[in-house]
Amino acid sequence: MTPLHVALISTFFLFVLLFLRMPVAFVMLVVGMGGYAYVRSPAAALSLTSQTIYSTFANYPLIVVPLFVWMGFIAYHSGLSSKIYDSTYKLVGSLRGGLSIATIGACTAFGAICGSTTATAATMSAVALPEMNRYQYSRSFSTASIAAAAILGVMIPPSVIFILYGISTGESIRMLFLAGIIPGLLLMGLFMLMAYLQVLRDPTSAPRGESVPTREKVKALFTGGMEVVVIFIAVMGGLFFGIVTPTEAGAVGAAATLLVSLVRRSLSWKGFIRSLDDAVRLSAMIMLLTATASVFGRFLGITGLPSAVATLAIEAPFPPTVVLVVILIVYLILGLFIDALALILLTTPIFYPVALALGYDPIWFGVIVVLALGMGVITPPVGANVYVVAGVAKDIDVMQIFRGIWPFLIAIFLCIALLFAFPEIALYLPELAMKQLGR
C-alpha cells in the first residue's frame, strides 16, 4: 500500500473508533503511532511520539490555554456571572422574552472572560434557569436559548478554540481574537432577534418580566458591566495595540479577574482552590488532546494526504465557494459526534491547506470554522451544550431542548452567510490592528 492509502484507511478506522465512543486523545495517539510505524518503522513511531508530546507540553505559546481557562473559572467561582446576568436582566428583562435576551447578552459578556462554551452553558444555566422558571417561560425555549447562547463563549475572545486553531496553523492568536469580536457581536444580535421572533410567533413561551425604573437600568449598566469591560479592555486593548503577547494577555486577564473578585470580596478560599482544580483538569485535557493531535498530524503529513486533498479541491470543477460549503457540511456532520476541541485539532491539518490553496484568508477561515463547530455543540446526538443544560435543569428531556434549538441554528447559518458575503466583518479589526502596529 502507498502512504496515501495507509492514511485513508487509518482515518477511516479513527472515525470508527470515535463513533464507538473511545477516548479521542487515545484514538488519535494509537492511530497516529500505528500509521507512522507502518509507513516508517516502530522505532521511528516511538521516537516521534515521545518528541512530539514533550515539545507540545514544553511549547511556550500553549501557556495561554491554562491562563485563559483559569480566568474563566475564577469568574465562575466568584459569582461574577450572576452579577452580569442581574445587570442585563434589569436592562431588558421587562420586554416580552426579555429574560432570554438578557441571557444571550450575559453569555456574551461572560464569554469575554471565559473561553469555554460548556463552562458558559453550565454557569448561565445555574444563574438564568431559576428566573425563567419563576416567570413561567417555556422549558424548551428557555433551555435552548441558554445552550445556544453559550456558543458566544467561543466566538467572543478569549476563545480556547481560536487558540488551538492558531497553534495548529501557526496563525496569529492576536489576530484571531480580534477577528472574532465583530462576528461574535453579530451572532449575539441574530440570537436576540430570533428569540424575539420566537416570542412573537408563540407569546405563551415567554411572558413579560417586571418593569425596572430607568435609574436602576443606568445603575445596572455601570455597576454590573464595568468590571467585565475593564477586564476585556485589559486583555484585548493590550493585544490590539501590541502591548502584550497573547500569552501575556492571558496572565493579565487572569490577574485582572482575580483582582476584581478580591476587591468585590466574592471569591472565597474554597472557591479559589476549586478554580485552580477545575483549571488544571480542563487544561490537562486540552494539552493532551493537542499533543496526540500533533502525533496524528505528523503521521498525515508524511503520507501526503493534506496536500492531496488540497490538490483535489483545486482541480475539482467547482467554484471555491462550493468547496468551502462542502467543508462546512463536513464540520457540521462530524460535529454531531465529535467534541469541538478534538475536531478542530483533528481536521485542521487537512482543511487548512485546502483553504489556503483556494485563496481564502486563513484568519477569516478560522472564524468560519469556529462558527461551524458551534453548530456541533447544540445539535444531536452529541450536542454537548444541550446535555450540560439538561444536567442543570434535571427535569427536562434533552429532545425538548433540541426542538427549541432550530431558530438559533438559523441564526448561525445567517451569520455564516453574512461572513461569506462581507468578509470584512471578520477582517476589519485585524487589518486595523496591523495598520496600528505598522506605525
# chains A, B, ... in the order shown; residues from 1 in each chain; ligands from 1
call {"tool": "residues_around", "arguments": {"residues": "Ile333 (chain A)", "least_positions_apart": "2", "cutoff": "10 Å", "atoms": "only C-alpha atoms", "output": "NGL selection string"}}
result
:A and (327-331 or 335-338 or 372-373 or 375-376 or 379)
call {"tool": "residues_around", "arguments": {"residues": "Arg40 (chain A)", "least_positions_apart": "4", "cutoff": "10 Å", "atoms": "only C-alpha atoms", "output": "JSON, numbers by chain"}}
result
{"A": [3, 34, 35, 36, 44, 45, 299, 302]}
call {"tool": "residues_around", "arguments": {"residues": "Phe240 (chain A)", "least_positions_apart": "4", "cutoff": "9 Å", "atoms": "only C-alpha atoms", "output": "ChimeraX atom specification"}}
result
/A:174-175,178,235-236,244,429-430,432-434,436-437
call {"tool": "closest_residue", "arguments": {"among": "A:Ile9, A:Met188, A:Leu346, A:Ala249", "to": "Leu67 (chain A)", "atoms": "only C-alpha atoms"}}
result
A:Ala249
call {"tool": "residues_around", "arguments": {"residues": "Phe162 (chain A)", "least_positions_apart": "2", "cutoff": "8 Å", "atoms": "only C-alpha atoms", "output": "list in words"}}
result
Val154, Pro158, Ser159, Val160, Leu164, Tyr165, Gly166, Ile173, Leu176, Phe177, Gly366 and Val370 of chain A
call {"tool": "write_last_selection", "arguments": {"atoms": "N, CA and C atoms", "output": "compact mmCIF listing (two decimals), in the first residue's frame"}}
result
# COMPACT_ATOMS: atom_id res chain seq x y z
N VAL A 154 -17.20 30.94 22.71
CA VAL A 154 -16.03 30.62 21.87
C VAL A 154 -15.85 31.60 20.73
N PRO A 158 -11.48 35.93 25.05
CA PRO A 158 -10.56 34.86 24.65
C PRO A 158 -11.29 33.55 24.38
N SER A 159 -10.88 32.84 23.36
CA SER A 159 -11.52 31.60 22.95
C SER A 159 -10.49 30.49 22.86
N VAL A 160 -10.75 29.39 23.56
CA VAL A 160 -9.82 28.25 23.53
C VAL A 160 -9.75 27.67 22.12
N LEU A 164 -6.37 27.06 19.87
CA LEU A 164 -5.94 25.78 19.30
C LEU A 164 -5.81 25.88 17.78
N TYR A 165 -6.71 26.61 17.14
CA TYR A 165 -6.60 26.81 15.69
C TYR A 165 -5.31 27.56 15.36
N GLY A 166 -5.02 28.60 16.14
CA GLY A 166 -3.81 29.38 15.90
C GLY A 166 -2.55 28.57 16.09
N ILE A 173 -2.63 34.31 17.08
CA ILE A 173 -3.75 34.23 18.02
C ILE A 173 -4.31 35.62 18.27
N LEU A 176 -6.65 36.37 15.45
CA LEU A 176 -7.84 35.53 15.54
C LEU A 176 -8.80 36.07 16.60
N PHE A 177 -8.25 36.48 17.73
CA PHE A 177 -9.08 37.07 18.78
C PHE A 177 -9.80 38.31 18.26
N GLY A 366 -10.64 30.76 9.92
CA GLY A 366 -10.71 30.35 11.32
C GLY A 366 -12.02 30.74 11.96
N VAL A 370 -14.90 28.15 13.45
CA VAL A 370 -15.41 28.23 14.83
C VAL A 370 -16.93 28.30 14.83
call {"tool": "atom_distance", "arguments": {"atom1": "CA of Phe408 (chain A)", "atom2": "CA of Ser145 (chain A)"}}
result
7.6 Å
call {"tool": "select_by_dssp", "arguments": {"residues": "region 90-266 of chain A", "states": "helix (DSSP H, G or I)", "output": "PyMOL selection string"}}
result
chain A and resi 90-92+98-111+117-134+139-149+152-155+160-169+173-201+203-205+214-240+246-264
call {"tool": "write_last_selection", "arguments": {"atoms": "C-alpha atoms", "output": "CSV table (one decimal), in the first residue's frame"}}
result
chain,number,residue,atom,x,y,z
A,90,LYS,CA,-32.5,44.9,34.6
A,91,LEU,CA,-31.8,46.4,31.2
A,92,VAL,CA,-34.1,44.2,29.0
A,98,GLY,CA,-36.5,39.7,27.9
A,99,LEU,CA,-35.1,37.1,30.1
A,100,SER,CA,-33.9,35.1,27.1
A,101,ILE,CA,-32.5,38.3,25.5
A,102,ALA,CA,-30.8,39.1,28.9
A,103,THR,CA,-29.3,35.6,29.0
A,104,ILE,CA,-27.9,36.0,25.5
A,105,GLY,CA,-26.3,39.3,26.5
A,106,ALA,CA,-25.0,37.8,29.7
A,107,CYS,CA,-23.4,34.9,27.8
A,108,THR,CA,-21.7,37.4,25.5
A,109,ALA,CA,-20.3,39.3,28.5
A,110,PHE,CA,-19.3,36.1,30.3
A,111,GLY,CA,-17.7,34.9,27.0
A,117,THR,CA,-18.7,27.1,25.6
A,118,THR,CA,-19.6,24.2,28.1
A,119,ALA,CA,-18.5,26.3,31.1
A,120,THR,CA,-20.6,29.2,29.8
A,121,ALA,CA,-23.6,26.8,29.4
A,122,ALA,CA,-23.2,25.4,32.9
A,123,THR,CA,-22.7,28.8,34.5
A,124,MET,CA,-25.6,30.6,32.8
A,125,SER,CA,-28.0,27.6,33.3
A,126,ALA,CA,-27.5,27.8,37.1
A,127,VAL,CA,-28.0,31.6,37.0
A,128,ALA,CA,-30.8,32.1,34.4
A,129,LEU,CA,-33.0,29.0,34.6
A,130,PRO,CA,-34.4,29.7,38.1
A,131,GLU,CA,-35.5,33.2,36.9
A,132,MET,CA,-37.0,31.8,33.7
A,133,ASN,CA,-38.9,29.1,35.6
A,134,ARG,CA,-40.2,31.7,38.0
A,139,ARG,CA,-38.9,25.0,29.2
A,140,SER,CA,-37.9,24.2,25.6
A,141,PHE,CA,-37.4,27.9,24.8
A,142,SER,CA,-35.5,28.8,28.0
A,143,THR,CA,-33.1,25.9,27.9
A,144,ALA,CA,-32.5,26.1,24.2
A,145,SER,CA,-31.7,29.8,24.4
A,146,ILE,CA,-29.1,29.1,27.1
A,147,ALA,CA,-27.5,26.2,25.2
A,148,ALA,CA,-27.3,28.2,22.0
A,149,ALA,CA,-26.1,31.5,23.6
A,152,LEU,CA,-20.8,33.0,22.1
A,153,GLY,CA,-18.2,31.9,24.7
A,154,VAL,CA,-16.0,30.6,21.9
A,155,MET,CA,-16.7,33.5,19.5
A,160,VAL,CA,-9.8,28.2,23.5
A,161,ILE,CA,-10.9,27.1,20.0
A,162,PHE,CA,-9.2,30.1,18.5
A,163,ILE,CA,-6.1,29.4,20.5
A,164,LEU,CA,-5.9,25.8,19.3
A,165,TYR,CA,-6.6,26.8,15.7
A,166,GLY,CA,-3.8,29.4,15.9
A,167,ILE,CA,-1.3,26.9,17.4
A,168,SER,CA,-2.2,24.2,14.9
A,169,THR,CA,-1.9,26.5,11.9
A,173,ILE,CA,-3.7,34.2,18.0
A,174,ARG,CA,-3.9,38.0,18.5
A,175,MET,CA,-5.5,38.4,15.0
A,176,LEU,CA,-7.8,35.5,15.5
A,177,PHE,CA,-9.1,37.1,18.8
A,178,LEU,CA,-9.7,40.4,17.1
A,179,ALA,CA,-11.4,38.7,14.1
A,180,GLY,CA,-13.9,37.1,16.5
A,181,ILE,CA,-15.2,40.2,18.1
A,182,ILE,CA,-17.5,41.7,15.4
A,183,PRO,CA,-18.8,38.3,14.2
A,184,GLY,CA,-19.5,37.4,17.9
A,185,LEU,CA,-21.4,40.6,18.4
A,186,LEU,CA,-23.3,40.0,15.1
A,187,LEU,CA,-24.2,36.5,16.2
A,188,MET,CA,-25.4,37.9,19.6
A,189,GLY,CA,-27.7,40.3,17.7
A,190,LEU,CA,-29.0,37.5,15.5
A,191,PHE,CA,-29.7,35.3,18.5
A,192,MET,CA,-31.6,38.1,20.2
A,193,LEU,CA,-33.6,38.7,17.0
A,194,MET,CA,-34.5,35.0,16.8
A,195,ALA,CA,-35.6,35.0,20.5
A,196,TYR,CA,-37.8,38.0,19.9
A,197,LEU,CA,-39.3,36.5,16.7
A,198,GLN,CA,-39.9,33.2,18.6
A,199,VAL,CA,-41.9,35.1,21.2
A,200,LEU,CA,-43.9,36.9,18.6
A,201,ARG,CA,-44.8,33.6,17.0
A,203,PRO,CA,-46.4,34.6,23.0
A,204,THR,CA,-47.1,32.0,25.7
A,205,SER,CA,-43.5,30.8,25.5
A,214,THR,CA,-34.7,53.9,34.3
A,215,ARG,CA,-32.4,54.9,37.2
A,216,GLU,CA,-32.0,51.2,38.1
A,217,LYS,CA,-31.2,50.4,34.5
A,218,VAL,CA,-28.4,53.0,34.3
A,219,LYS,CA,-27.0,51.9,37.6
A,220,ALA,CA,-27.0,48.3,36.5
A,221,LEU,CA,-25.2,49.3,33.3
A,222,PHE,CA,-22.4,50.9,35.2
A,223,THR,CA,-22.1,48.7,38.3
A,224,GLY,CA,-22.6,45.3,36.6
A,225,GLY,CA,-21.0,45.9,33.3
A,226,MET,CA,-17.9,48.0,34.1
A,227,GLU,CA,-16.0,45.1,35.7
A,228,VAL,CA,-16.3,43.0,32.5
A,229,VAL,CA,-15.5,46.0,30.4
A,230,VAL,CA,-12.3,46.6,32.4
A,231,ILE,CA,-11.2,43.0,32.1
A,232,PHE,CA,-12.0,42.9,28.4
A,233,ILE,CA,-10.1,46.1,27.7
A,234,ALA,CA,-7.2,44.9,29.7
A,235,VAL,CA,-6.9,41.8,27.6
A,236,MET,CA,-8.0,42.9,24.1
A,237,GLY,CA,-6.7,46.5,24.4
A,238,GLY,CA,-3.2,45.2,25.1
A,239,LEU,CA,-3.4,42.8,22.2
A,240,PHE,CA,-4.8,45.4,19.8
A,246,PRO,CA,-1.4,36.5,23.7
A,247,THR,CA,0.4,34.6,26.5
A,248,GLU,CA,1.0,37.8,28.5
A,249,ALA,CA,-2.7,38.8,27.8
A,250,GLY,CA,-3.7,35.5,29.4
A,251,ALA,CA,-1.7,36.4,32.5
A,252,VAL,CA,-3.2,39.9,32.5
A,253,GLY,CA,-6.7,38.6,32.2
A,254,ALA,CA,-6.3,36.0,35.0
A,255,ALA,CA,-4.8,38.6,37.2
A,256,ALA,CA,-7.4,41.2,36.4
A,257,THR,CA,-10.3,38.8,37.0
A,258,LEU,CA,-8.7,37.7,40.3
A,259,LEU,CA,-8.2,41.3,41.4
A,260,VAL,CA,-11.8,42.2,40.6
A,261,SER,CA,-13.0,39.2,42.6
A,262,LEU,CA,-10.9,40.1,45.6
A,263,VAL,CA,-12.0,43.7,45.5
A,264,ARG,CA,-15.6,42.6,45.4
call {"tool": "atom_distance", "arguments": {"atom1": "CA of Thr292 (chain A)", "atom2": "CA of Ala25 (chain A)"}}
result
5.8 Å
call {"tool": "residues_around", "arguments": {"residues": "Thr2 (chain A)", "least_positions_apart": "5", "cutoff": "10 Å", "atoms": "only C-alpha atoms", "output": "list in words"}}
result
Ala7, Val39 and Thr303 of chain A
call {"tool": "write_last_selection", "arguments": {"atoms": "C-alpha atoms", "output": "compact mmCIF listing (two decimals), in the first residue's frame"}}
result
# COMPACT_ATOMS: atom_id res chain seq x y z
CA ALA A 7 -3.65 7.49 5.62
CA VAL A 39 4.90 3.83 6.91
CA THR A 303 1.55 10.39 3.88
